[in-house]
file final.csv (CSV, C-alpha atoms)
chain,number,residue,atom,x,y,z
A,80,MET,CA,-42.7,25.7,18.4
A,81,LYS,CA,-39.6,27.5,17.0
A,82,GLY,CA,-37.7,26.7,20.2
A,83,ARG,CA,-38.6,23.0,19.9
A,84,MET,CA,-37.4,23.0,16.3
A,85,LEU,CA,-34.1,24.6,17.3
A,86,VAL,CA,-33.6,22.1,20.0
A,87,MET,CA,-34.2,19.3,17.6
A,88,ILE,CA,-31.8,20.7,15.0
A,89,LEU,CA,-29.1,21.2,17.6
A,90,GLY,CA,-29.7,17.7,19.0
A,91,ALA,CA,-29.4,16.2,15.6
A,92,ALA,CA,-26.1,18.2,15.0
A,93,VAL,CA,-24.7,16.9,18.3
A,94,LEU,CA,-25.5,13.3,17.3
A,95,VAL,CA,-24.3,13.6,13.7
A,96,CYS,CA,-21.0,15.4,14.3
A,97,PRO,CA,-19.1,12.6,16.1
A,98,ALA,CA,-20.6,10.0,13.7
A,99,LEU,CA,-19.2,12.1,10.8
A,100,ALA,CA,-15.8,12.4,12.4
A,101,GLN,CA,-15.6,8.7,12.9
A,102,SER,CA,-16.8,7.6,9.5
A,103,THR,CA,-14.3,5.8,7.3
A,104,PRO,CA,-13.6,7.2,3.9
A,105,SER,CA,-14.4,4.7,1.1
A,106,PRO,CA,-11.3,3.4,-0.4
A,107,SER,CA,-10.6,4.5,-4.0
A,108,PRO,CA,-11.6,1.9,-6.5
A,109,THR,CA,-8.7,-0.2,-7.9
A,110,PRO,CA,-8.7,-2.2,-11.0
A,111,TRP,CA,-7.6,-5.3,-9.1
A,112,PRO,CA,-10.0,-7.9,-10.5
A,113,LEU,CA,-9.7,-10.8,-8.0
A,114,PRO,CA,-12.7,-11.4,-5.9
A,115,ALA,CA,-12.2,-10.1,-2.4
A,116,PRO,CA,-13.6,-13.2,-0.6
A,117,VAL,CA,-11.0,-15.4,-2.3
A,118,GLU,CA,-8.2,-13.1,-1.2
A,119,LYS,CA,-9.5,-13.0,2.4
A,120,GLU,CA,-10.0,-16.7,2.5
A,121,LEU,CA,-6.4,-17.3,1.3
A,122,ALA,CA,-5.0,-14.7,3.6
A,123,SER,CA,-6.8,-16.3,6.6
A,124,ARG,CA,-5.2,-19.7,5.8
A,125,ALA,CA,-1.7,-18.5,4.9
A,126,SER,CA,1.1,-18.2,7.5
A,127,ASN,CA,2.8,-15.4,5.6
A,128,VAL,CA,1.0,-12.9,3.4
A,129,THR,CA,2.6,-10.2,1.3
A,130,GLU,CA,0.4,-7.7,-0.6
A,131,VAL,CA,1.7,-4.9,-2.8
A,132,THR,CA,-0.8,-2.5,-4.3
A,133,LEU,CA,0.7,0.2,-6.4
A,134,GLY,CA,-2.0,2.2,-8.2
A,135,LYS,CA,-1.4,4.7,-11.1
A,136,ASP,CA,-0.9,7.7,-8.8
A,137,THR,CA,1.5,5.9,-6.6
A,138,LEU,CA,3.5,4.6,-9.6
A,139,ALA,CA,3.6,8.1,-11.1
A,140,PHE,CA,5.0,9.4,-7.9
A,141,ALA,CA,7.5,6.5,-7.5
A,142,ALA,CA,8.8,7.3,-11.0
A,143,LYS,CA,9.9,10.7,-9.6
A,144,PHE,CA,12.3,9.0,-7.2
A,145,MET,CA,14.3,7.7,-10.1
A,146,ASP,CA,17.2,9.6,-11.4
A,147,GLY,CA,16.3,11.0,-14.8
A,148,LYS,CA,19.9,11.6,-15.7
A,149,ASP,CA,20.7,7.9,-15.4
A,150,LYS,CA,19.8,6.2,-18.7
A,151,ASP,CA,18.6,2.9,-17.2
A,152,GLN,CA,16.6,4.6,-14.4
A,153,ALA,CA,15.1,7.0,-16.9
A,154,ALA,CA,13.8,4.1,-18.9
A,155,VAL,CA,12.3,2.4,-15.8
A,156,SER,CA,10.8,5.7,-14.8
A,157,GLN,CA,9.2,6.0,-18.2
A,158,LEU,CA,7.8,2.5,-18.0
A,159,VAL,CA,6.5,2.8,-14.4
A,160,GLU,CA,4.9,6.2,-15.1
A,161,GLY,CA,2.9,4.7,-18.0
A,162,LEU,CA,1.5,1.8,-16.0
A,163,ASP,CA,-2.0,1.7,-14.5
A,164,GLY,CA,-1.0,-0.6,-11.6
A,165,ILE,CA,1.2,-3.3,-10.2
A,166,TYR,CA,-0.4,-5.7,-7.8
A,167,VAL,CA,1.5,-8.6,-6.0
A,168,ARG,CA,0.0,-11.2,-3.7
A,169,ASP,CA,2.1,-13.9,-2.1
A,170,TYR,CA,0.7,-16.5,0.2
A,171,GLU,CA,2.9,-18.9,2.1
A,172,PHE,CA,1.3,-21.9,3.8
A,173,ASP,CA,2.6,-24.0,6.7
A,174,LYS,CA,1.4,-27.3,5.2
A,175,GLU,CA,0.5,-28.6,1.8
A,176,GLY,CA,-3.2,-28.7,0.9
A,177,GLN,CA,-4.1,-25.4,2.6
A,178,TYR,CA,-5.4,-24.0,-0.6
A,179,SER,CA,-7.2,-25.9,-3.3
A,180,MET,CA,-7.2,-25.9,-7.1
A,181,THR,CA,-10.7,-24.5,-6.8
A,182,ASP,CA,-9.2,-21.4,-5.3
A,183,VAL,CA,-6.8,-21.2,-8.2
A,184,GLU,CA,-9.6,-21.7,-10.7
A,185,LYS,CA,-11.6,-18.8,-9.0
A,186,MET,CA,-8.7,-16.5,-9.7
A,187,ARG,CA,-8.3,-17.6,-13.2
A,188,GLN,CA,-12.0,-17.0,-13.9
A,189,ALA,CA,-11.5,-13.3,-13.4
A,190,PHE,CA,-9.4,-13.3,-16.5
A,191,GLU,CA,-11.6,-15.4,-18.7
A,192,THR,CA,-12.4,-12.5,-21.0
A,193,PRO,CA,-11.5,-12.2,-24.7
A,194,GLU,CA,-8.9,-9.5,-23.9
A,195,TRP,CA,-6.8,-11.9,-21.9
A,196,THR,CA,-4.8,-14.5,-23.8
A,197,PRO,CA,-3.0,-17.4,-22.1
A,198,ILE,CA,0.6,-17.5,-23.3
A,199,VAL,CA,2.2,-19.9,-20.7
A,200,HIS,CA,0.6,-22.7,-18.9
A,201,THR,CA,2.7,-25.4,-17.2
A,202,ARG,CA,1.8,-28.2,-14.9
A,203,GLU,CA,4.5,-30.1,-13.1
A,204,HIS,CA,4.7,-32.8,-10.4
A,205,ASN,CA,1.2,-34.2,-11.0
A,206,GLY,CA,-0.4,-30.8,-11.2
A,207,THR,CA,0.8,-29.6,-7.9
A,208,GLU,CA,3.0,-26.9,-9.4
A,209,ILE,CA,1.3,-24.6,-11.9
A,210,THR,CA,2.5,-21.6,-13.8
A,211,ASP,CA,0.1,-19.4,-15.8
A,212,VAL,CA,0.9,-16.3,-17.7
A,213,LEU,CA,-1.8,-14.3,-19.4
A,214,MET,CA,-1.5,-11.2,-21.5
A,215,LYS,CA,-4.1,-8.5,-22.1
A,216,GLN,CA,-4.2,-7.4,-25.7
A,217,VAL,CA,-6.0,-4.2,-26.8
A,218,ASN,CA,-5.7,-3.3,-30.4
A,219,GLY,CA,-2.6,-5.4,-30.8
A,220,GLU,CA,-0.8,-3.8,-27.9
A,221,THR,CA,0.1,-5.5,-24.6
A,222,ARG,CA,-1.9,-3.7,-21.9
A,223,GLY,CA,-1.5,-6.1,-19.0
A,224,MET,CA,0.0,-9.2,-17.7
A,225,PHE,CA,-1.2,-11.7,-15.1
A,226,ILE,CA,1.2,-14.3,-13.6
A,227,LEU,CA,0.2,-17.0,-11.3
A,228,THR,CA,2.5,-19.5,-9.8
A,229,ALA,CA,1.2,-22.2,-7.5
A,230,GLU,CA,3.4,-24.5,-5.5
A,231,PRO,CA,2.3,-26.9,-2.8
A,232,LYS,CA,3.1,-24.4,0.0
A,233,GLU,CA,3.1,-21.1,-1.9
A,234,LEU,CA,0.8,-19.2,-4.2
A,235,THR,CA,2.0,-16.0,-6.0
A,236,ILE,CA,0.0,-13.7,-8.1
A,237,VAL,CA,1.4,-10.7,-10.0
A,238,LEU,CA,-0.8,-8.4,-12.1
A,239,ILE,CA,0.7,-5.6,-14.1
A,240,LEU,CA,-1.8,-3.3,-15.9
A,241,GLY,CA,-1.0,-0.7,-18.5
A,242,PRO,CA,1.1,-0.6,-21.6
A,243,ILE,CA,4.0,-3.0,-21.3
A,244,ARG,CA,7.1,-3.5,-23.5
A,245,MET,CA,8.6,-6.9,-23.0
A,246,ASP,CA,12.1,-5.5,-23.4
A,247,GLN,CA,11.6,-3.2,-20.4
A,248,LEU,CA,9.8,-5.7,-18.2
A,249,GLY,CA,12.9,-7.2,-16.6
A,250,GLU,CA,13.7,-3.7,-15.3
A,251,LEU,CA,10.8,-4.0,-13.0
A,252,GLY,CA,12.5,-6.8,-11.1
A,253,GLY,CA,13.9,-4.3,-8.7
A,254,LEU,CA,10.4,-3.4,-7.5
A,255,SER,CA,9.2,-5.1,-4.3
A,256,GLY,CA,7.9,-8.6,-4.9
A,257,LEU,CA,8.5,-8.7,-8.6
A,258,GLY,CA,12.0,-9.9,-8.5
A,259,SER,CA,11.0,-13.5,-7.7
A,260,VAL,CA,8.7,-13.6,-10.7
A,261,LEU,CA,10.6,-11.6,-13.3
A,262,GLY,CA,14.0,-12.8,-12.1
A,263,PRO,CA,16.1,-15.5,-13.8
A,264,THR,CA,14.3,-18.3,-11.9
A,265,GLY,CA,10.8,-16.9,-12.1
A,266,PRO,CA,8.2,-17.9,-14.7
A,267,LEU,CA,9.3,-15.0,-17.0
A,268,GLY,CA,12.9,-15.6,-16.3
A,269,GLY,CA,13.4,-17.1,-19.8
A,270,VAL,CA,11.7,-14.2,-21.5
A,271,GLN,CA,13.8,-13.0,-24.4
A,272,HIS,CA,13.8,-9.3,-25.0
A,273,ALA,CA,11.8,-8.6,-28.1
A,274,PRO,CA,12.6,-5.8,-30.5
A,275,HIS,CA,10.5,-2.7,-29.8
A,276,GLY,CA,8.2,-3.2,-32.7
A,277,ASN,CA,7.2,-6.7,-31.5
A,278,PRO,CA,6.4,-6.5,-27.9
A,279,ASN,CA,5.0,-10.1,-27.6
A,280,GLY,CA,7.3,-11.8,-30.0
A,281,SER,CA,9.4,-14.0,-27.7
A,282,ALA,CA,7.5,-14.0,-24.5
A,283,LYS,CA,6.6,-17.6,-24.7
A,284,LYS,CA,8.5,-20.0,-22.5
A,285,GLY,CA,8.8,-23.8,-22.6
A,286,GLY,CA,5.9,-25.8,-21.2
A,287,SER,CA,2.6,-27.3,-22.3
A,288,GLN,CA,0.3,-24.7,-23.6
B,14,MET,CA,-39.3,37.3,21.6
B,15,ASN,CA,-36.0,37.6,19.7
B,16,ARG,CA,-33.9,37.7,22.8
B,17,ARG,CA,-35.7,34.7,24.2
B,18,ILE,CA,-34.6,32.6,21.2
B,19,TRP,CA,-31.1,34.0,20.6
B,20,ILE,CA,-29.7,33.7,24.0
B,21,PRO,CA,-30.4,30.0,24.5
B,22,LEU,CA,-29.4,29.4,20.9
B,23,GLY,CA,-26.1,31.1,21.5
B,24,PHE,CA,-25.5,28.9,24.5
B,25,ALA,CA,-26.5,25.8,22.6
B,26,VAL,CA,-24.1,26.7,19.7
B,27,LEU,CA,-21.3,27.4,22.2
B,28,SER,CA,-21.9,24.1,23.9
B,29,VAL,CA,-21.8,22.2,20.6
B,30,ALA,CA,-18.5,24.0,19.7
B,31,VAL,CA,-16.9,23.1,23.0
B,32,PHE,CA,-18.3,19.6,23.7
B,33,VAL,CA,-18.4,18.0,20.3
B,34,PRO,CA,-14.6,18.1,19.7
B,35,TRP,CA,-14.1,16.9,23.3
B,36,VAL,CA,-16.6,14.0,22.8
B,37,VAL,CA,-15.1,13.1,19.4
B,38,ARG,CA,-11.6,13.1,20.9
B,39,ALA,CA,-12.7,11.1,23.9
B,40,ALA,CA,-14.3,8.6,21.6
B,41,GLY,CA,-10.9,8.0,19.9
B,42,ALA,CA,-11.9,9.8,16.7
B,43,GLU,CA,-8.7,11.8,16.6
B,44,GLY,CA,-7.3,11.2,13.1
B,45,GLY,CA,-3.9,11.1,11.5
B,46,PHE,CA,-0.7,9.8,13.1
B,47,ASP,CA,-1.8,10.7,16.7
B,48,GLY,CA,-5.1,9.0,16.1
B,49,VAL,CA,-3.5,5.8,14.9
B,50,VAL,CA,-1.1,5.8,17.9
B,51,SER,CA,-3.8,6.4,20.5
B,52,SER,CA,-6.1,3.8,18.9
B,53,ILE,CA,-3.3,1.2,19.1
B,54,GLU,CA,-2.6,2.2,22.8
B,55,GLN,CA,-6.3,1.7,23.6
B,56,GLN,CA,-6.8,-1.4,21.6
B,57,TYR,CA,-3.7,-3.3,22.8
B,58,HIS,CA,-3.3,-1.7,26.2
B,59,VAL,CA,0.3,-0.5,25.4
B,60,ARG,CA,1.9,2.8,25.9
B,61,ALA,CA,3.9,4.5,23.1
B,62,THR,CA,7.3,6.1,23.7
B,63,ARG,CA,7.5,9.4,21.9
B,64,ILE,CA,10.8,11.0,21.0
B,65,PRO,CA,11.3,14.3,22.8
B,66,PHE,CA,11.8,17.4,20.6
B,67,MET,CA,10.7,15.4,17.6
B,68,SER,CA,9.3,18.6,15.9
B,69,LEU,CA,12.8,20.2,16.3
B,70,ALA,CA,14.4,17.1,14.8
B,71,SER,CA,11.9,17.1,12.0
B,72,LEU,CA,12.8,20.8,11.3
B,73,ILE,CA,16.5,19.9,11.2
B,74,ALA,CA,15.8,16.9,8.9
B,75,GLY,CA,13.9,19.2,6.6
B,76,GLY,CA,16.8,21.7,6.6
B,77,ALA,CA,19.5,19.1,6.1
B,78,THR,CA,17.7,17.5,3.1
B,79,HIS,CA,16.7,20.9,1.7
B,80,GLY,CA,13.0,20.0,2.2
B,81,GLY,CA,13.4,16.4,1.0
B,82,VAL,CA,12.1,15.0,4.2
B,83,GLY,CA,9.7,16.7,6.6
B,84,GLN,CA,6.9,16.4,9.1
B,85,VAL,CA,8.5,13.4,10.8
B,86,HIS,CA,6.5,11.6,13.4
B,87,ILE,CA,7.8,8.6,15.3
B,88,ALA,CA,6.3,6.5,18.0
B,89,GLU,CA,7.7,3.3,19.5
B,90,PHE,CA,6.0,0.5,21.4
B,91,GLU,CA,8.6,-1.5,23.3
B,92,HIS,CA,6.5,-4.1,25.1
B,93,PHE,CA,3.9,-5.1,22.6
B,94,THR,CA,3.2,-8.6,24.0
B,95,ARG,CA,-0.4,-9.1,22.7
B,96,PRO,CA,-0.8,-11.0,19.5
B,97,ALA,CA,-1.9,-8.5,16.8
B,98,ASP,CA,-4.5,-9.5,14.2
B,99,GLY,CA,-3.4,-8.3,10.8
B,100,GLU,CA,-7.0,-7.5,9.7
B,101,GLU,CA,-7.7,-5.5,12.8
B,102,LEU,CA,-4.4,-3.6,12.7
B,103,ASN,CA,-5.0,-2.7,9.1
B,104,ARG,CA,-8.6,-1.5,9.9
B,105,ILE,CA,-7.4,0.7,12.7
B,106,VAL,CA,-4.7,2.3,10.6
B,107,ALA,CA,-6.9,2.8,7.5
B,108,GLU,CA,-9.7,4.3,9.6
B,109,LYS,CA,-7.6,6.7,11.6
B,110,LEU,CA,-5.3,7.9,8.8
B,111,GLY,CA,-8.4,9.0,6.9
B,112,GLN,CA,-9.1,10.0,3.3
B,113,GLY,CA,-6.4,10.0,0.7
B,114,TRP,CA,-4.2,7.4,2.2
B,115,GLN,CA,-3.8,4.2,0.2
B,116,ARG,CA,-2.2,1.0,1.5
B,117,ILE,CA,0.7,0.0,-0.8
B,118,VAL,CA,2.4,-2.8,1.2
B,119,ARG,CA,1.1,-5.2,3.7
B,120,THR,CA,3.0,-8.2,5.1
B,121,THR,CA,1.8,-10.5,7.7
B,122,SER,CA,3.6,-13.4,9.4
B,123,ARG,CA,1.7,-15.4,12.0
B,124,GLN,CA,5.0,-17.0,13.2
B,125,GLY,CA,6.6,-14.4,15.4
B,126,ASN,CA,3.8,-11.8,15.4
B,127,GLU,CA,5.2,-9.8,12.5
B,128,GLN,CA,3.2,-7.2,10.6
B,129,THR,CA,4.2,-4.4,8.2
B,130,LEU,CA,1.9,-1.8,6.8
B,131,ILE,CA,2.9,1.0,4.4
B,132,PHE,CA,0.4,3.6,3.4
B,133,ALA,CA,1.1,6.5,0.9
B,134,ARG,CA,-0.7,9.7,0.1
B,135,GLY,CA,0.0,12.3,-2.6
B,136,GLU,CA,0.5,15.8,-1.0
B,137,GLY,CA,1.0,18.0,-4.0
B,138,ASN,CA,4.6,17.7,-5.1
B,139,ARG,CA,5.3,15.6,-2.0
B,140,MET,CA,4.3,12.2,-0.8
B,141,GLY,CA,3.2,11.2,2.6
B,142,LEU,CA,4.4,7.8,3.9
B,143,PHE,CA,3.1,6.0,6.9
B,144,ILE,CA,5.0,2.9,8.0
B,145,LEU,CA,4.0,0.6,10.8
B,146,ASP,CA,6.3,-2.3,11.6
B,147,LEU,CA,5.7,-4.9,14.3
B,148,ASP,CA,8.5,-7.3,15.0
B,149,ARG,CA,7.8,-9.7,17.9
B,150,ASN,CA,7.4,-7.4,20.9
B,151,GLU,CA,8.4,-4.1,19.3
B,152,MET,CA,6.3,-1.9,17.1
B,153,ASP,CA,7.6,1.2,15.3
B,154,VAL,CA,5.3,3.7,13.7
B,155,VAL,CA,6.7,6.4,11.5
B,156,GLN,CA,5.2,9.1,9.3
B,157,VAL,CA,7.1,11.3,6.9
B,158,SER,CA,6.5,13.6,4.1
B,159,VAL,CA,9.0,13.4,1.3
B,160,ASP,CA,9.8,15.5,-1.8
B,161,PRO,CA,11.3,13.1,-4.3
B,162,GLU,CA,13.2,15.8,-6.3
B,163,HIS,CA,14.9,17.4,-3.3
B,164,LEU,CA,15.5,14.0,-1.7
B,165,ASN,CA,17.1,12.7,-5.0
B,166,GLU,CA,19.4,15.7,-5.0
B,167,THR,CA,20.5,15.1,-1.5
B,168,VAL,CA,21.0,11.3,-2.0
B,169,GLY,CA,22.7,12.0,-5.4
B,170,ARG,CA,25.2,14.3,-3.6
B,171,TYR,CA,26.2,11.5,-1.2
B,172,GLU,CA,26.3,9.0,-4.0
B,173,HIS,CA,28.8,11.2,-5.9
B,174,HIS,CA,30.9,11.6,-2.7
B,175,ASP,CA,30.8,7.8,-2.3
B,176,THR,CA,31.9,7.2,-5.9
B,177,ASP,CA,34.6,9.8,-5.6
B,178,GLY,CA,35.8,8.1,-2.5
B,179,ARG,CA,35.9,4.7,-4.1
B,180,GLU,CA,37.6,6.0,-7.2
B,181,SER,CA,40.3,7.6,-5.1
B,182,ASN,CA,40.9,4.3,-3.3

call {"tool": "encode", "arguments": {"input": "final.csv", "output": "structure tokens"}}
result
Amino acid sequence: MKGRMLVMILGAAVLVCPALAQSTPSPSPTPWPLPAPVEKELASRASNVTEVTLGKDTLAFAAKFMDGKDKDQAAVSQLVEGLDGIYVRDYEFDKEGQYSMTDVEKMRQAFETPEWTPIVHTREHNGTEITDVLMKQVNGETRGMFILTAEPKELTIVLILGPIRMDQLGELGGLSGLGSVLGPTGPLGGVQHAPHGNPNGSAKKGGSQ
Amino acid sequence: MNRRIWIPLGFAVLSVAVFVPWVVRAAGAEGGFDGVVSSIEQQYHVRATRIPFMSLASLIAGGATHGGVGQVHIAEFEHFTRPADGEELNRIVAEKLGQGWQRIVRTTSRQGNEQTLIFARGEGNRMGLFILDLDRNEMDVVQVSVDPEHLNETVGRYEHHDTDGRESN
């Protein structure tokens, strides 16, 4: 009886060990709020996809690469270290009409909460070019920013989570993927640097709201 | 009675200790950099070129950068002719790298069979970086461990040299 039990235990161990060795660790949860099916669907239709996912830990580490003695880099380092995450998704399509406005709506729905306030909403060329900028406000402080630009053959989403000061935002342009959005021609290119006490003061840009 | 149980039990434990790692390895469950490389070799029927004396080169790189860069692993696939599916490649890398690694960059271009994957992992004061780049028929896979403070010092030293050089010109 004892022998049979031992054989069963050892048999189970032999079966379980390789299974354990092959099991995939579950990815750490990220605050990226977009529904995964929408992302997968867009990625499957796009000809070029760029995804940048920088979580809090990665950003804190990236901040260490900046030279603390340099005044500008020290400011960027401070900003980056305080952020909870930077997420960029860029989908380029071969032809027009490979994504629908329903896809765009599904993305917007994730931000239809009282915390998120739309600050820029533009529609050009009969609604084929859209720019949306939303800000997350918590106790009067800016704690996040969502930027969506939709062109006939390109869809770009940028999500920045954490405390943001508008005057420092332009400094993030050097980070991968953010240059196109925060640069002079991007949707926040016209952002005037607000004084420190008024982080949202002049973030609004021309366009129908 | 005791002897009758313990002798077979000893043999059974020994068998498990010897055969399980072998079975796991044979099943492609080897993890980390080598696991990724061998999985790619198996999946796409390609053979990686490994750099000879890489561990020596890694040691020298560590010394030259005062510990800024270390544990360098490089593998190169020169005749990667099969089209690579981005999802599949990402799954292989994520599975084989194992716990703690987080994908920070992924780019996929269907035209030209181009894929880039960058994974990062905190390693105490250091950061592990895993980079996979497929460009048409060539795939490069690199893993390094970097210490930002020491690396900054080394880079800063060369920047100062560069500035001095420009100033003197």

call {"tool": "atom_distance", "arguments": {"input": "final.csv", "atom1": "atom CA of Tyr57 of chain B", "atom2": "atom CA of Phe132 of chain B"}}
result
21.0 Å

call {"tool": "closest_residue", "arguments": {"input": "final.csv", "among": "B:His58, B:Arg139, B:Arg116, B:Arg95", "to": "Pro161 of chain B", "atoms": "only C-alpha atoms"}}
result
B:Arg139

call {"tool": "interface_residues", "arguments": {"input": "final.csv", "of": "chain B", "to": "chain A", "cutoff": "6 Å", "atoms": "all atoms listed in the file", "output": "VMD selection string"}}
result
chain B and resid 37 42 108 112 117 to 123 161

call {"tool": "residues_around", "arguments": {"input": "final.csv", "residues": "Asp182 of chain A", "least_positions_apart": "5", "cutoff": "9 Å", "atoms": "all atoms listed in the file", "output": "ChimeraX atom specification"}}
result
/A:117,121,187

call {"tool": "closest_residue", "arguments": {"input": "final.csv", "among": "B:Leu164, B:Ile20, B:Ala97, B:Val155", "to": "Ile64 of chain B", "atoms": "all atoms listed in the file"}}
result
B:Val155

call {"tool": "atom_distance", "arguments": {"input": "final.csv", "atom1": "atom CA of Val49 of chain B", "atom2": "atom CA of Gly75 of chain B"}}
result
23.5 Å

call {"tool": "atom_distance", "arguments": {"input": "final.csv", "atom1": "atom CA of Val154 of chain B", "atom2": "atom CA of Thr167 of chain B"}}
result
24.3 Å

call {"tool": "closest_residue", "arguments": {"input": "final.csv", "among": "B:Gly141, B:Gly80, B:Gly23, B:Gly111", "to": "Asn165 of chain B", "atoms": "all atoms listed in the file"}}
result
B:Gly80

call {"tool": "residues_near_point", "arguments": {"input": "final.csv", "point": "(1.5, -6.9, -25.3)", "cutoff": "7 Å", "atoms": "only C-alpha atoms", "output": "list in words"}}
result
Met214, Lys215, Gln216, Glu220, Thr221, Arg222, Ile243, Arg244, Pro278 and Asn279 of chain A

call {"tool": "decode", "arguments": {"input": "final.csv", "residues": "segment 171-191 of chain A", "atoms": "N, CA and C atoms", "output": "mmCIF file, in the first residue's frame"}}
result
data_model
loop_
_atom_site.group_PDB
_atom_site.id
_atom_site.type_symbol
_atom_site.label_atom_id
_atom_site.label_comp_id
_atom_site.auth_asym_id
_atom_site.auth_seq_id
_atom_site.Cartn_x
_atom_site.Cartn_y
_atom_site.Cartn_z
ATOM 1 N N GLU A 171 -0.219 52.041 -38.304
ATOM 2 C CA GLU A 171 -0.217 52.590 -39.666
ATOM 3 C C GLU A 171 -0.876 51.577 -40.583
ATOM 4 N N PHE A 172 -1.753 52.073 -41.446
ATOM 5 C CA PHE A 172 -2.505 51.170 -42.325
ATOM 6 C C PHE A 172 -2.121 51.400 -43.785
ATOM 7 N N ASP A 173 -2.231 50.336 -44.579
ATOM 8 C CA ASP A 173 -1.900 50.441 -46.006
ATOM 9 C C ASP A 173 -2.926 51.290 -46.760
ATOM 10 N N LYS A 174 -4.186 51.050 -46.419
ATOM 11 C CA LYS A 174 -5.273 51.729 -47.139
ATOM 12 C C LYS A 174 -6.170 52.470 -46.169
ATOM 13 N N GLU A 175 -6.922 53.383 -46.718
ATOM 14 C CA GLU A 175 -7.902 54.092 -45.892
ATOM 15 C C GLU A 175 -9.051 53.144 -45.564
ATOM 16 N N GLY A 176 -9.717 53.383 -44.466
ATOM 17 C CA GLY A 176 -10.892 52.591 -44.098
ATOM 18 C C GLY A 176 -10.557 51.258 -43.453
ATOM 19 N N GLN A 177 -9.317 51.062 -43.032
ATOM 20 C CA GLN A 177 -8.972 49.783 -42.393
ATOM 21 C C GLN A 177 -9.265 49.789 -40.892
ATOM 22 N N TYR A 178 -9.644 50.941 -40.390
ATOM 23 C CA TYR A 178 -10.199 50.980 -39.040
ATOM 24 C C TYR A 178 -11.433 51.877 -39.112
ATOM 25 N N SER A 179 -12.354 51.664 -38.205
ATOM 26 C CA SER A 179 -13.603 52.421 -38.271
ATOM 27 C C SER A 179 -13.711 53.389 -37.097
ATOM 28 N N MET A 180 -14.668 54.285 -37.209
ATOM 29 C CA MET A 180 -14.915 55.224 -36.117
ATOM 30 C C MET A 180 -15.449 54.471 -34.880
ATOM 31 N N THR A 181 -16.002 53.284 -35.122
ATOM 32 C CA THR A 181 -16.459 52.457 -33.990
ATOM 33 C C THR A 181 -15.263 52.048 -33.132
ATOM 34 N N ASP A 182 -14.141 51.735 -33.802
ATOM 35 C CA ASP A 182 -12.913 51.388 -33.060
ATOM 36 C C ASP A 182 -12.468 52.571 -32.203
ATOM 37 N N VAL A 183 -12.526 53.749 -32.803
ATOM 38 C CA VAL A 183 -12.107 54.960 -32.084
ATOM 39 C C VAL A 183 -13.042 55.197 -30.891
ATOM 40 N N GLU A 184 -14.343 54.986 -31.135
ATOM 41 C CA GLU A 184 -15.328 55.179 -30.056
ATOM 42 C C GLU A 184 -15.070 54.218 -28.896
ATOM 43 N N LYS A 185 -14.717 52.975 -29.245
ATOM 44 C CA LYS A 185 -14.452 51.967 -28.196
ATOM 45 C C LYS A 185 -13.294 52.423 -27.303
ATOM 46 N N MET A 186 -12.311 53.075 -27.941
ATOM 47 C CA MET A 186 -11.173 53.570 -27.164
ATOM 48 C C MET A 186 -11.587 54.718 -26.271
ATOM 49 N N ARG A 187 -12.416 55.591 -26.830
ATOM 50 C CA ARG A 187 -12.842 56.745 -26.036
ATOM 51 C C ARG A 187 -13.663 56.314 -24.822
ATOM 52 N N GLN A 188 -14.458 55.242 -25.014
ATOM 53 C CA GLN A 188 -15.346 54.783 -23.942
ATOM 54 C C GLN A 188 -14.588 54.454 -22.658
ATOM 55 N N ALA A 189 -13.349 53.986 -22.820
ATOM 56 C CA ALA A 189 -12.545 53.643 -21.641
ATOM 57 C C ALA A 189 -12.272 54.871 -20.774
ATOM 58 N N PHE A 190 -12.441 56.052 -21.342
ATOM 59 C CA PHE A 190 -12.128 57.291 -20.612
ATOM 60 C C PHE A 190 -13.380 58.101 -20.279
ATOM 61 N N GLU A 191 -14.542 57.480 -20.453
ATOM 62 C CA GLU A 191 -15.777 58.188 -20.127
ATOM 63 C C GLU A 191 -16.100 58.044 -18.648
#
